[in-house]
file coords22.pdb (PDB, C-alpha atoms)
ATOM      1  CA  MET W1257     -37.271  62.264   1.196
ATOM      2  CA  SER W1258     -38.509  61.583  -2.332
ATOM      3  CA  ASP W1259     -37.506  57.930  -1.841
ATOM      4  CA  LEU W1260     -39.702  57.755   1.248
ATOM      5  CA  ILE W1261     -42.735  59.252  -0.435
ATOM      6  CA  LYS W1262     -42.337  56.845  -3.338
ATOM      7  CA  ILE W1263     -42.290  53.885  -0.938
ATOM      8  CA  PHE W1264     -44.926  55.213   1.463
ATOM      9  CA  PRO W1265     -47.529  57.144  -0.533
ATOM     10  CA  GLY W1266     -49.332  57.890   2.755
ATOM     11  CA  LEU W1267     -46.530  60.311   3.646
ATOM     12  CA  SER W1268     -47.318  62.546   0.690
ATOM     13  CA  HIS W1269     -50.501  63.892   2.278
ATOM     14  CA  SER W1270     -49.707  63.727   6.005
ATOM     15  CA  HIS W1271     -47.244  65.026   8.555
ATOM     16  CA  LEU W1272     -43.626  64.210   7.640
ATOM     17  CA  LYS W1273     -40.456  65.532   9.195
ATOM     18  CA  VAL W1274     -37.033  64.016   8.486
ATOM     19  CA  THR W1275     -35.059  64.028  11.726
ATOM     20  CA  SER W1276     -31.770  62.366  10.748
ATOM     21  CA  PRO W1277     -29.642  61.541   7.725
ATOM     22  CA  GLU W1278     -29.595  58.013   6.278
ATOM     23  CA  GLU W1279     -27.721  55.608   8.538
ATOM     24  CA  PRO W1280     -27.097  51.893   7.928
ATOM     25  CA  ARG W1281     -25.890  51.062  11.450
ATOM     26  CA  TYR W1282     -29.288  50.749  13.121
ATOM     27  CA  ASN W1283     -32.821  49.986  12.003
ATOM     28  CA  CYS W1284     -36.426  50.520  13.076
ATOM     29  CA  ILE W1285     -36.433  47.883  15.799
ATOM     30  CA  ALA W1286     -33.207  49.241  17.309
ATOM     31  CA  PHE W1287     -34.638  52.760  17.075
ATOM     32  CA  ALA W1288     -37.866  51.728  18.819
ATOM     33  CA  ALA W1289     -35.664  50.070  21.436
ATOM     34  CA  GLU W1290     -33.775  53.392  21.733
ATOM     35  CA  ASP W1291     -30.519  51.804  20.527
ATOM     36  CA  ASP W1292     -28.672  53.583  17.712
ATOM     37  CA  GLN W1293     -25.626  51.328  17.760
ATOM     38  CA  GLU W1294     -26.934  47.982  16.540
ATOM     39  CA  TRP W1295     -29.092  46.473  13.809
ATOM     40  CA  TRP W1296     -31.884  44.462  15.468
ATOM     41  CA  TRP W1297     -33.563  41.548  13.702
ATOM     42  CA  PRO W1298     -34.001  37.859  14.533
ATOM     43  CA  ASP W1299     -31.540  36.620  11.902
ATOM     44  CA  ILE W1300     -27.958  35.419  11.965
ATOM     45  CA  ASP W1301     -26.372  38.792  11.091
ATOM     46  CA  SER W1302     -28.237  41.011  13.531
ATOM     47  CA  TYR W1303     -28.566  41.663  17.241
ATOM     48  CA  TRP W1304     -31.504  40.029  18.989
ATOM     49  CA  PRO W1305     -32.075  39.972  22.752
ATOM     50  CA  PRO W1306     -30.660  36.851  24.409
ATOM     51  CA  ASN W1307     -33.150  34.054  25.092
ATOM     52  CA  VAL W1308     -35.710  35.424  22.626
ATOM     53  CA  PRO W1309     -36.352  33.069  19.676
ATOM     54  CA  ARG W1310     -34.711  34.209  16.458
ATOM     55  CA  GLU W1311     -37.907  33.893  14.445
ATOM     56  CA  GLU W1312     -39.630  36.391  12.188
ATOM     57  CA  THR W1313     -42.893  36.110  14.116
ATOM     58  CA  ILE W1314     -45.005  38.638  15.956
ATOM     59  CA  SER W1315     -44.548  36.646  19.168
ATOM     60  CA  SER W1316     -40.767  36.862  18.886
ATOM     61  CA  PHE W1317     -40.941  40.637  18.361
ATOM     62  CA  ILE W1318     -43.301  41.045  21.308
ATOM     63  CA  ALA W1319     -40.932  38.940  23.420
ATOM     64  CA  ALA W1320     -38.002  41.146  22.349
ATOM     65  CA  PHE W1321     -39.806  44.285  23.548
ATOM     66  CA  VAL W1322     -40.943  42.541  26.748
ATOM     67  CA  THR W1323     -37.226  42.284  27.629
ATOM     68  CA  LEU W1324     -37.212  46.112  27.575
ATOM     69  CA  GLY W1325     -40.185  46.410  29.936
ATOM     70  CA  TYR W1326     -42.986  46.725  27.375
ATOM     71  CA  THR W1327     -46.374  45.047  27.712
ATOM     72  CA  THR W1328     -49.029  44.776  25.031
ATOM     73  CA  CYS W1329     -51.803  47.390  25.045
ATOM     74  CA  GLN W1330     -55.018  48.126  23.176
ATOM     75  CA  ASP W1331     -54.363  51.129  20.962
ATOM     76  CA  GLU W1332     -52.121  53.928  19.785
ATOM     77  CA  ASN W1333     -53.738  56.635  21.921
ATOM     78  CA  TYR W1334     -51.230  58.702  23.846
ATOM     79  CA  GLU W1335     -51.112  57.952  27.577
ATOM     80  CA  ASP W1336     -49.331  60.372  29.856
ATOM     81  CA  GLY W1337     -46.340  58.718  31.528
ATOM     82  CA  PHE W1338     -46.026  55.900  28.982
ATOM     83  CA  ILE W1339     -43.947  55.224  25.890
ATOM     84  CA  LYS W1340     -45.737  53.264  23.158
ATOM     85  CA  ILE W1341     -44.587  51.319  20.139
ATOM     86  CA  ALA W1342     -46.493  49.879  17.173
ATOM     87  CA  ILE W1343     -45.379  46.695  15.405
ATOM     88  CA  PHE W1344     -46.214  46.363  11.707
ATOM     89  CA  VAL W1345     -46.668  43.110   9.779
ATOM     90  CA  ASP W1346     -47.079  42.190   6.120
ATOM     91  CA  ASP W1347     -49.948  40.191   4.581
ATOM     92  CA  ASN W1348     -48.408  36.961   5.885
ATOM     93  CA  GLY W1349     -48.152  38.250   9.440
ATOM     94  CA  VAL W1350     -44.367  38.627   9.221
ATOM     95  CA  PRO W1351     -43.081  41.678  11.117
ATOM     96  CA  THR W1352     -41.794  44.458   8.904
ATOM     97  CA  HIS W1353     -41.374  47.506  11.116
ATOM     98  CA  ALA W1354     -41.795  49.169  14.501
ATOM     99  CA  ALA W1355     -42.578  52.818  15.253
ATOM    100  CA  LEU W1356     -42.149  54.736  18.507
ATOM    101  CA  GLN W1357     -44.578  57.305  19.897
ATOM    102  CA  LEU W1358     -43.323  60.791  20.776
ATOM    103  CA  ALA W1359     -44.548  63.006  23.617
ATOM    104  CA  ASN W1360     -46.325  65.228  21.046
ATOM    105  CA  CYS W1361     -48.516  62.234  20.047
ATOM    106  CA  LYS W1362     -46.721  61.961  16.692
ATOM    107  CA  TRP W1363     -44.806  58.824  15.831
ATOM    108  CA  THR W1364     -41.181  58.406  14.875
ATOM    109  CA  SER W1365     -39.521  55.690  12.802
ATOM    110  CA  LYS W1366     -36.221  54.659  11.338
ATOM    111  CA  CYS W1367     -36.948  53.410   7.841
ATOM    112  CA  GLY W1368     -34.465  50.581   7.356
ATOM    113  CA  GLU W1369     -31.173  52.206   6.336
ATOM    114  CA  LEU W1370     -32.933  55.440   5.373
ATOM    115  CA  GLU W1371     -33.727  58.453   7.528
ATOM    116  CA  ASP W1372     -35.408  58.771  10.910
ATOM    117  CA  ILE W1373     -38.738  60.475  10.392
ATOM    118  CA  GLU W1374     -41.606  61.911  12.382
ATOM    119  CA  HIS W1375     -44.936  60.847  10.865
ATOM    120  CA  ASP W1376     -48.577  59.992  11.326
ATOM    121  CA  LEU W1377     -48.748  56.369  12.410
ATOM    122  CA  ASN W1378     -50.858  55.044   9.546
ATOM    123  CA  ALA W1379     -48.830  56.820   6.863
ATOM    124  CA  LEU W1380     -46.397  53.897   6.738
ATOM    125  CA  CYS W1381     -49.184  51.329   6.289
ATOM    126  CA  GLY W1382     -50.032  49.907   2.889
ATOM    127  CA  PRO W1383     -49.175  47.128   0.495
ATOM    128  CA  ASN W1384     -45.600  46.256  -0.442
ATOM    129  CA  PRO W1385     -43.240  48.159  -0.552
ATOM    130  CA  ALA W1386     -44.912  49.921   2.432
ATOM    131  CA  TYR W1387     -44.945  48.187   5.817
ATOM    132  CA  GLY W1388     -48.344  46.482   5.730
ATOM    133  CA  LYS W1389     -50.617  46.927   8.738
ATOM    134  CA  ILE W1390     -50.253  47.433  12.467
ATOM    135  CA  ALA W1391     -50.521  44.142  14.349
ATOM    136  CA  ARG W1392     -49.763  45.098  17.925
ATOM    137  CA  TYR W1393     -49.285  48.035  20.261
ATOM    138  CA  MET W1394     -47.063  47.896  23.328
ATOM    139  CA  LYS W1395     -46.299  50.335  26.128
ATOM    140  CA  LYS W1396     -43.964  50.836  29.054
ATOM    141  CA  PRO W1397     -43.625  53.499  31.740
ATOM    142  CA  ALA W1398     -41.663  56.511  30.444
TER     143      ALA W1398
ATOM    144  CA  MET I 286     -32.869  34.646 -25.270
ATOM    145  CA  LEU I 287     -32.615  38.376 -25.324
ATOM    146  CA  ASN I 288     -34.946  39.691 -22.714
ATOM    147  CA  VAL I 289     -35.411  43.336 -21.889
ATOM    148  CA  ALA I 290     -38.302  43.926 -19.502
ATOM    149  CA  TYR I 291     -39.770  47.188 -18.414
ATOM    150  CA  LYS I 292     -41.231  47.959 -15.033
ATOM    151  CA  ASN I 293     -43.350  51.059 -15.030
ATOM    152  CA  ASN I 294     -43.284  52.027 -11.398
ATOM    153  CA  ILE I 295     -39.640  52.798 -10.695
ATOM    154  CA  VAL I 296     -37.739  55.855 -11.821
ATOM    155  CA  ALA I 297     -34.627  54.993 -13.815
ATOM    156  CA  LYS I 298     -31.262  56.140 -12.498
ATOM    157  CA  PRO I 299     -28.934  58.206 -14.680
ATOM    158  CA  THR I 300     -26.171  55.704 -13.926
ATOM    159  CA  GLU I 301     -28.237  52.970 -15.498
ATOM    160  CA  ASN I 302     -28.573  55.012 -18.657
ATOM    161  CA  ASP I 303     -24.824  55.673 -18.590
ATOM    162  CA  TRP I 304     -24.269  51.959 -18.378
ATOM    163  CA  LEU I 305     -26.558  51.354 -21.321
ATOM    164  CA  VAL I 306     -24.706  53.906 -23.416
ATOM    165  CA  THR I 307     -21.419  52.192 -22.538
ATOM    166  CA  THR I 308     -22.860  48.771 -23.284
ATOM    167  CA  LYS I 309     -24.237  49.984 -26.589
ATOM    168  CA  SER I 310     -20.857  51.275 -27.585
ATOM    169  CA  LEU I 311     -19.207  47.971 -26.585
ATOM    170  CA  LEU I 312     -21.744  46.007 -28.506
ATOM    171  CA  GLU I 313     -21.251  48.137 -31.556
ATOM    172  CA  LYS I 314     -17.576  47.288 -31.535
ATOM    173  CA  ASN I 315     -17.603  43.638 -30.574
ATOM    174  CA  LEU I 316     -20.635  41.690 -31.642
ATOM    175  CA  ARG I 317     -21.748  40.068 -34.855
ATOM    176  CA  THR I 318     -24.099  42.207 -36.896
ATOM    177  CA  LYS I 319     -27.402  40.384 -36.386
ATOM    178  CA  MET I 320     -27.079  40.045 -32.642
ATOM    179  CA  ARG I 321     -25.685  43.555 -32.326
ATOM    180  CA  GLU I 322     -28.700  44.991 -34.071
ATOM    181  CA  ARG I 323     -31.078  43.193 -31.744
ATOM    182  CA  TYR I 324     -29.261  44.497 -28.679
ATOM    183  CA  ILE I 325     -29.064  48.001 -29.982
ATOM    184  CA  SER I 326     -32.699  48.037 -30.936
ATOM    185  CA  GLU I 327     -33.681  46.903 -27.426
ATOM    186  CA  ILE I 328     -31.430  49.459 -25.800
ATOM    187  CA  ASN I 329     -32.728  52.214 -28.038
ATOM    188  CA  ARG I 330     -36.249  51.221 -27.090
ATOM    189  CA  TYR I 331     -35.301  51.578 -23.429
ATOM    190  CA  GLN I 332     -33.628  54.914 -23.961
ATOM    191  CA  LYS I 333     -36.669  56.262 -25.754
ATOM    192  CA  HIS I 334     -38.584  55.642 -22.545
ATOM    193  CA  GLN I 335     -36.107  57.487 -20.335
ATOM    194  CA  ASN I 336     -38.404  60.468 -19.885
ATOM    195  CA  ARG I 337     -41.073  58.402 -18.143
ATOM    196  CA  PRO I 338     -40.793  56.330 -14.971
ATOM    197  CA  THR I 339     -39.131  53.224 -16.256
ATOM    198  CA  ARG I 340     -36.436  50.784 -15.344
ATOM    199  CA  CYS I 341     -34.768  48.430 -17.733
ATOM    200  CA  GLN I 342     -33.721  44.980 -16.638
ATOM    201  CA  VAL I 343     -31.312  43.452 -19.059
ATOM    202  CA  THR I 344     -30.801  39.731 -18.617
ATOM    203  CA  ALA I 345     -29.602  36.560 -20.287
ATOM    204  CA  CYS I 346     -27.083  36.978 -23.105
ATOM    205  CA  THR I 347     -27.152  40.774 -22.966
ATOM    206  CA  ILE I 348     -25.829  40.596 -19.425
ATOM    207  CA  GLU I 349     -22.792  38.650 -20.597
ATOM    208  CA  ALA I 350     -21.568  41.767 -22.331
ATOM    209  CA  GLU I 351     -21.642  43.692 -19.056
ATOM    210  CA  PRO I 352     -18.283  43.863 -17.278
ATOM    211  CA  LEU I 353     -18.486  42.304 -13.822
ATOM    212  CA  PRO I 354     -17.589  45.435 -11.814
ATOM    213  CA  VAL I 355     -20.256  47.368 -13.758
ATOM    214  CA  LYS I 356     -22.781  44.632 -13.133
ATOM    215  CA  PHE I 357     -21.939  44.625  -9.418
ATOM    216  CA  LYS I 358     -22.401  48.393  -9.117
ATOM    217  CA  ARG I 359     -25.641  48.240 -11.092
ATOM    218  CA  LEU I 360     -26.983  45.519  -8.806
ATOM    219  CA  LEU I 361     -26.043  47.560  -5.722
ATOM    220  CA  VAL I 362     -28.005  50.530  -7.056
ATOM    221  CA  GLU I 363     -31.010  48.360  -7.877
ATOM    222  CA  TRP I 364     -30.808  46.665  -4.498
ATOM    223  CA  ARG I 365     -30.716  49.999  -2.697
ATOM    224  CA  ASP I 366     -33.811  51.136  -4.600
ATOM    225  CA  GLN I 367     -35.700  48.012  -3.619
ATOM    226  CA  ALA I 368     -34.463  47.323  -0.119
ATOM    227  CA  ALA I 369     -32.977  50.373   1.654
ATOM    228  CA  HIS I 370     -36.226  50.949   3.568
ATOM    229  CA  LEU I 371     -36.357  47.363   4.819
ATOM    230  CA  SER I 372     -35.160  46.352   8.265
ATOM    231  CA  SER I 373     -35.442  42.620   7.659
ATOM    232  CA  MET I 374     -32.126  41.212   6.447
ATOM    233  CA  PRO I 375     -33.843  38.108   5.042
ATOM    234  CA  ALA I 376     -36.190  40.380   3.057
ATOM    235  CA  LYS I 377     -33.256  42.476   1.839
ATOM    236  CA  ALA I 378     -31.350  39.358   0.818
ATOM    237  CA  MET I 379     -34.306  37.843  -1.031
ATOM    238  CA  THR I 380     -34.521  40.714  -3.515
ATOM    239  CA  LEU I 381     -33.495  39.830  -7.053
ATOM    240  CA  PRO I 382     -30.457  42.172  -7.222
ATOM    241  CA  TYR I 383     -29.073  40.725  -3.964
ATOM    242  CA  GLN I 384     -29.598  37.178  -5.230
ATOM    243  CA  GLU I 385     -27.811  38.141  -8.434
ATOM    244  CA  ILE I 386     -24.864  39.427  -6.410
ATOM    245  CA  ILE I 387     -24.710  36.073  -4.629
ATOM    246  CA  GLY I 388     -25.037  34.394  -8.031
ATOM    247  CA  ILE I 389     -21.794  36.037  -9.179
ATOM    248  CA  GLY I 390     -20.068  33.701  -6.760
ATOM    249  CA  ARG I 391     -16.450  33.942  -5.650
ATOM    250  CA  PRO I 392     -15.511  36.698  -8.151
ATOM    251  CA  ALA I 393     -17.884  38.923  -6.161
ATOM    252  CA  LEU I 394     -15.887  38.566  -2.937
ATOM    253  CA  PRO I 395     -13.212  41.224  -3.674
ATOM    254  CA  MET I 396     -15.875  43.611  -4.981
ATOM    255  CA  ILE I 397     -18.034  43.133  -1.890
ATOM    256  CA  LEU I 398     -15.083  43.528   0.466
ATOM    257  CA  ASN I 399     -13.868  46.650  -1.344
ATOM    258  CA  GLU I 400     -17.384  48.068  -1.100
ATOM    259  CA  LEU I 401     -17.304  47.314   2.634
ATOM    260  CA  LYS I 402     -13.981  49.153   2.871
ATOM    261  CA  GLU I 403     -15.692  52.226   1.422
ATOM    262  CA  ARG I 404     -18.842  52.217   3.536
ATOM    263  CA  PRO I 405     -20.959  50.164   5.899
ATOM    264  CA  VAL I 406     -23.240  48.132   3.669
ATOM    265  CA  HIS I 407     -25.372  45.094   4.431
ATOM    266  CA  LEU I 408     -23.534  42.572   2.300
ATOM    267  CA  PHE I 409     -22.721  40.189   5.153
ATOM    268  CA  TRP I 410     -25.386  37.698   4.067
ATOM    269  CA  ALA I 411     -23.823  37.565   0.585
ATOM    270  CA  LEU I 412     -20.354  37.127   2.072
ATOM    271  CA  ARG I 413     -21.579  34.200   4.159
ATOM    272  CA  ALA I 414     -23.444  32.644   1.240
ATOM    273  CA  ILE I 415     -20.507  32.880  -1.148
ATOM    274  CA  SER I 416     -17.657  32.060   1.218
ATOM    275  CA  GLY I 417     -19.458  29.399   3.249
ATOM    276  CA  THR I 418     -18.074  30.862   6.440
ATOM    277  CA  ASN I 419     -18.943  33.454   9.055
ATOM    278  CA  PRO I 420     -16.034  34.980  10.967
ATOM    279  CA  VAL I 421     -18.330  37.233  13.050
ATOM    280  CA  GLU I 422     -18.628  36.214  16.702
ATOM    281  CA  PRO I 423     -22.217  35.843  17.975
ATOM    282  CA  GLU I 424     -21.752  38.751  20.393
ATOM    283  CA  ASP I 425     -20.838  41.081  17.495
ATOM    284  CA  ARG I 426     -23.945  40.393  15.427
ATOM    285  CA  GLY I 427     -25.702  43.629  14.505
ATOM    286  CA  ARG I 428     -22.657  45.805  15.246
ATOM    287  CA  ILE I 429     -22.098  46.899  11.695
ATOM    288  CA  ASP I 430     -18.693  48.540  12.112
ATOM    289  CA  LYS I 431     -17.332  45.551  14.031
ATOM    290  CA  MET I 432     -18.746  43.112  11.432
ATOM    291  CA  ARG I 433     -17.118  45.171   8.694
ATOM    292  CA  GLU I 434     -13.794  45.085  10.487
ATOM    293  CA  VAL I 435     -13.973  41.303  11.003
ATOM    294  CA  TRP I 436     -14.895  40.583   7.372
ATOM    295  CA  LEU I 437     -12.179  42.904   6.042
ATOM    296  CA  GLU I 438      -9.636  41.134   8.245
ATOM    297  CA  TRP I 439     -10.920  37.803   6.906
ATOM    298  CA  GLY I 440     -10.498  39.123   3.347
ATOM    299  CA  ARG I 441      -6.918  40.189   4.003
ATOM    300  CA  LYS I 442      -6.058  36.927   5.742
ATOM    301  CA  ASN I 443      -7.381  34.962   2.766
ATOM    302  CA  LYS I 444      -5.579  37.280   0.325
ATOM    303  CA  ILE I 445      -8.831  38.372  -1.325
ATOM    304  CA  ILE I 446      -8.116  42.045  -0.696
ATOM    305  CA  GLU I 447      -5.031  43.983   0.338
TER     306      GLU I 447
END

call {"tool": "encode", "arguments": {"input": "coords22.pdb", "output": "C-alpha cells"}}
result
Amino acid sequence: MSDLIKIFPGLSHSHLKVTSPEEPRYNCIAFAAEDDQEWWWPDIDSYWPPNVPREETISSFIAAFVTLGYTTCQDENYEDGFIKIAIFVDDNGVPTHAALQLANCKWTSKCGELEDIEHDLNALCGPNPAYGKIARYMKKPA
Amino acid sequence: MLNVAYKNNIVAKPTENDWLVTTKSLLEKNLRTKMRERYISEINRYQKHQNRPTRCQVTACTIEAEPLPVKFKRLLVEWRDQAAHLSSMPAKAMTLPYQEIIGIGRPALPMILNELKERPVHLFWALRAISGTNPVEPEDRGRIDKMREVWLEWGRKNKIIE
C-alpha cells in the first residue's frame, strides 16, 4: 500500500481499500473488462479484442470497450442499472488506465501488476507517475 | 567517466545498499589505488545519504565492476519500482532499467528465462528484443502463464536453460 500512496499522492487523503494481493496476470483494462485471466493492452504481447486497432489511442480503447457493450457517456455520476468505466490519459493523450465503478458509487482499479483497490475516482489523477487525467467515461447496462 | 547521480524522490532499497557494500569490498580488493579511492568516495557519499529518500544510480565504469547477475537483479528491482503500477507494456519497456536489461544482450537470456521460471514477470518484450523471435502464438498474447510456458520451452529447445 505504501507503494501506491507514493505513486498516487491523492490516495493519502481519500478513501482507499486494498481488495486483492499484487497479481501480474491481469491489468487495469482487463479488470475494467471484468477479465482476470489476461493482460489487455494494444501491443504485441497483450490481449486486445479482435478487429480493434492495436494503437495506444483513446479511440482504440473506446473501441475495445464498445466490443463489451459500452457506450460513451457524460460523467462519472452513478446511474442505477448501469456499469461505468473511466479511461485515463497522460499529457499526450495516451491512455494510461481504466477504472470501474462499483454499486456503492466508489471506484475500483487494478494498478498495473499491483493490487486491486477501491478508491475515489480522482485520487489516481495527477502528473507522472500517477495516471494523468480522465479523458472519457463509458457505460453499459448492468 | 565515473558518474554517481542521486534522485531525491525515491526511497532506496536495502538490497541496493547491500550491493554497494559488496561492490565496495570488491573494489577495495581489485582496483588500482587512484580509481579505487574515487569509487569508494562516491559510494561512501551515497551511503551517508541512506537515511533520507535517495537512490543511487551507478553507471559507466563503476558498473563494469558489478557482476552481471547482480546487475540484472538490481535492474529488476529498479524496474519494479518505476513500472509495477503501469499497465502499458510499451511504457514499462521504455523505462531505463528495462532498456538496460535489453542492453545486456544475449547474456541476459538465461537470467530472464530463469526469472520467468520463478515467477510470472513481464520480460517478454526483452526476450523478443534480444532473441529476435517471438514463439508466442497470436491467440496466446496476454495469457501470462501460457506465454511463460512457451518461452521456457523455447529456452530449453535452444539450450539456453535446462

call {"tool": "interface_residues", "arguments": {"input": "coords22.pdb", "of": "chain W", "to": "chain I", "cutoff": "6 Å", "atoms": "only C-alpha atoms", "output": "ChimeraX atom specification"}}
result
/W:1281,1283,1294-1295,1301-1303,1367-1370

call {"tool": "atom_distance", "arguments": {"input": "coords22.pdb", "atom1": "CA of Trp1363 (chain W)", "atom2": "CA of Thr1327 (chain W)"}}
result
18.3 Å

call {"tool": "resolve_selection", "arguments": {"input": "coords22.pdb", "expression": "the PyMOL selection byres ((chain W and resi 1267) around 10)", "output": "tab-separated table (two decimals) with C-alpha atoms, in the frame of the given file"}}
result
chain	number	residue	atom	x	y	z
W	1257	MET	CA	-37.27	62.26	1.20
W	1260	LEU	CA	-39.70	57.76	1.25
W	1261	ILE	CA	-42.74	59.25	-0.44
W	1262	LYS	CA	-42.34	56.84	-3.34
W	1263	ILE	CA	-42.29	53.88	-0.94
W	1264	PHE	CA	-44.93	55.21	1.46
W	1265	PRO	CA	-47.53	57.14	-0.53
W	1266	GLY	CA	-49.33	57.89	2.76
W	1268	SER	CA	-47.32	62.55	0.69
W	1269	HIS	CA	-50.50	63.89	2.28
W	1270	SER	CA	-49.71	63.73	6.00
W	1271	HIS	CA	-47.24	65.03	8.56
W	1272	LEU	CA	-43.63	64.21	7.64
W	1273	LYS	CA	-40.46	65.53	9.20
W	1375	HIS	CA	-44.94	60.85	10.86
W	1376	ASP	CA	-48.58	59.99	11.33
W	1377	LEU	CA	-48.75	56.37	12.41
W	1378	ASN	CA	-50.86	55.04	9.55
W	1379	ALA	CA	-48.83	56.82	6.86
W	1380	LEU	CA	-46.40	53.90	6.74
W	1381	CYS	CA	-49.18	51.33	6.29

call {"tool": "residues_around", "arguments": {"input": "coords22.pdb", "residues": "region 1328-1339 of chain W", "least_positions_apart": "2", "cutoff": "12 Å", "atoms": "all atoms listed in the file", "output": "mmCIF file with C-alpha atoms, in the frame of the given file"}}
result
data_model
loop_
_atom_site.group_PDB
_atom_site.id
_atom_site.type_symbol
_atom_site.label_atom_id
_atom_site.label_comp_id
_atom_site.auth_asym_id
_atom_site.auth_seq_id
_atom_site.Cartn_x
_atom_site.Cartn_y
_atom_site.Cartn_z
ATOM 1 C CA ALA W 1288 -37.866 51.728 18.819
ATOM 2 C CA ALA W 1289 -35.664 50.070 21.436
ATOM 3 C CA GLU W 1290 -33.775 53.392 21.733
ATOM 4 C CA ILE W 1314 -45.005 38.638 15.956
ATOM 5 C CA SER W 1315 -44.548 36.646 19.168
ATOM 6 C CA PHE W 1317 -40.941 40.637 18.361
ATOM 7 C CA ILE W 1318 -43.301 41.045 21.308
ATOM 8 C CA ALA W 1319 -40.932 38.940 23.420
ATOM 9 C CA ALA W 1320 -38.002 41.146 22.349
ATOM 10 C CA PHE W 1321 -39.806 44.285 23.548
ATOM 11 C CA VAL W 1322 -40.943 42.541 26.748
ATOM 12 C CA LEU W 1324 -37.212 46.112 27.575
ATOM 13 C CA GLY W 1325 -40.185 46.410 29.936
ATOM 14 C CA TYR W 1326 -42.986 46.725 27.375
ATOM 15 C CA ILE W 1341 -44.587 51.319 20.139
ATOM 16 C CA ALA W 1342 -46.493 49.879 17.173
ATOM 17 C CA ILE W 1343 -45.379 46.695 15.405
ATOM 18 C CA ALA W 1355 -42.578 52.818 15.253
ATOM 19 C CA LEU W 1356 -42.149 54.736 18.507
ATOM 20 C CA GLN W 1357 -44.578 57.305 19.897
ATOM 21 C CA LEU W 1358 -43.323 60.791 20.776
ATOM 22 C CA ALA W 1359 -44.548 63.006 23.617
ATOM 23 C CA ASN W 1360 -46.325 65.228 21.046
ATOM 24 C CA CYS W 1361 -48.516 62.234 20.047
ATOM 25 C CA LYS W 1362 -46.721 61.961 16.692
ATOM 26 C CA TRP W 1363 -44.806 58.824 15.831
ATOM 27 C CA THR W 1364 -41.181 58.406 14.875
ATOM 28 C CA ASP W 1376 -48.577 59.992 11.326
ATOM 29 C CA LEU W 1377 -48.748 56.369 12.410
ATOM 30 C CA ASN W 1378 -50.858 55.044 9.546
ATOM 31 C CA ILE W 1390 -50.253 47.433 12.467
ATOM 32 C CA ALA W 1391 -50.521 44.142 14.349
ATOM 33 C CA ARG W 1392 -49.763 45.098 17.925
ATOM 34 C CA TYR W 1393 -49.285 48.035 20.261
ATOM 35 C CA MET W 1394 -47.063 47.896 23.328
ATOM 36 C CA LYS W 1395 -46.299 50.335 26.128
ATOM 37 C CA LYS W 1396 -43.964 50.836 29.054
ATOM 38 C CA PRO W 1397 -43.625 53.499 31.740
ATOM 39 C CA ALA W 1398 -41.663 56.511 30.444
#

call {"tool": "atom_distance", "arguments": {"input": "coords22.pdb", "atom1": "CA of Pro352 (chain I)", "atom2": "CA of Ile386 (chain I)"}}
result
13.5 Å

call {"tool": "residues_around", "arguments": {"input": "coords22.pdb", "residues": "Leu394 (chain I)", "least_positions_apart": "4", "cutoff": "9 Å", "atoms": "all atoms listed in the file", "output": "ChimeraX atom specification"}}
result
/I:389-390,398-399,411-412,415-416,440,445-446

call {"tool": "atom_distance", "arguments": {"input": "coords22.pdb", "atom1": "CA of Pro382 (chain I)", "atom2": "CA of Glu434 (chain I)"}}
result
24.5 Å

call {"tool": "residues_near_point", "arguments": {"input": "coords22.pdb", "point": "(-19.8, 45.4, -10.6)", "cutoff": "12 Å", "atoms": "all atoms listed in the file", "output": "PDB file with C-alpha atoms, in the coordinates of the input"}}
result
ATOM      1  CA  TRP I 304     -24.269  51.959 -18.378  1.00  0.00           C
ATOM      2  CA  ILE I 348     -25.829  40.596 -19.425  1.00  0.00           C
ATOM      3  CA  GLU I 351     -21.642  43.692 -19.056  1.00  0.00           C
ATOM      4  CA  PRO I 352     -18.283  43.863 -17.278  1.00  0.00           C
ATOM      5  CA  LEU I 353     -18.486  42.304 -13.822  1.00  0.00           C
ATOM      6  CA  PRO I 354     -17.589  45.435 -11.814  1.00  0.00           C
ATOM      7  CA  VAL I 355     -20.256  47.368 -13.758  1.00  0.00           C
ATOM      8  CA  LYS I 356     -22.781  44.632 -13.133  1.00  0.00           C
ATOM      9  CA  PHE I 357     -21.939  44.625  -9.418  1.00  0.00           C
ATOM     10  CA  LYS I 358     -22.401  48.393  -9.117  1.00  0.00           C
ATOM     11  CA  ARG I 359     -25.641  48.240 -11.092  1.00  0.00           C
ATOM     12  CA  LEU I 360     -26.983  45.519  -8.806  1.00  0.00           C
ATOM     13  CA  LEU I 361     -26.043  47.560  -5.722  1.00  0.00           C
ATOM     14  CA  VAL I 362     -28.005  50.530  -7.056  1.00  0.00           C
ATOM     15  CA  GLU I 363     -31.010  48.360  -7.877  1.00  0.00           C
ATOM     16  CA  PRO I 382     -30.457  42.172  -7.222  1.00  0.00           C
ATOM     17  CA  GLU I 385     -27.811  38.141  -8.434  1.00  0.00           C
ATOM     18  CA  ILE I 386     -24.864  39.427  -6.410  1.00  0.00           C
ATOM     19  CA  ILE I 389     -21.794  36.037  -9.179  1.00  0.00           C
ATOM     20  CA  PRO I 392     -15.511  36.698  -8.151  1.00  0.00           C
ATOM     21  CA  ALA I 393     -17.884  38.923  -6.161  1.00  0.00           C
ATOM     22  CA  LEU I 394     -15.887  38.566  -2.937  1.00  0.00           C
ATOM     23  CA  PRO I 395     -13.212  41.224  -3.674  1.00  0.00           C
ATOM     24  CA  MET I 396     -15.875  43.611  -4.981  1.00  0.00           C
ATOM     25  CA  ILE I 397     -18.034  43.133  -1.890  1.00  0.00           C
ATOM     26  CA  ASN I 399     -13.868  46.650  -1.344  1.00  0.00           C
ATOM     27  CA  GLU I 400     -17.384  48.068  -1.100  1.00  0.00           C
TER      28      GLU I 400
END

call {"tool": "residues_around", "arguments": {"input": "coords22.pdb", "residues": "Glu1371 (chain W)", "least_positions_apart": "5", "cutoff": "8 Å", "atoms": "only C-alpha atoms", "output": "short mmCIF file (atom, residue, chain, number, x, y, z; two decimals) with C-alpha atoms, in the frame of the given file"}}
result
data_model
loop_
_atom_site.label_atom_id
_atom_site.label_comp_id
_atom_site.auth_asym_id
_atom_site.auth_seq_id
_atom_site.Cartn_x
_atom_site.Cartn_y
_atom_site.Cartn_z
CA VAL W 1274 -37.03 64.02 8.49
CA THR W 1275 -35.06 64.03 11.73
CA SER W 1276 -31.77 62.37 10.75
CA PRO W 1277 -29.64 61.54 7.72
CA GLU W 1278 -29.60 58.01 6.28
CA GLU W 1279 -27.72 55.61 8.54
CA LYS W 1366 -36.22 54.66 11.34
#
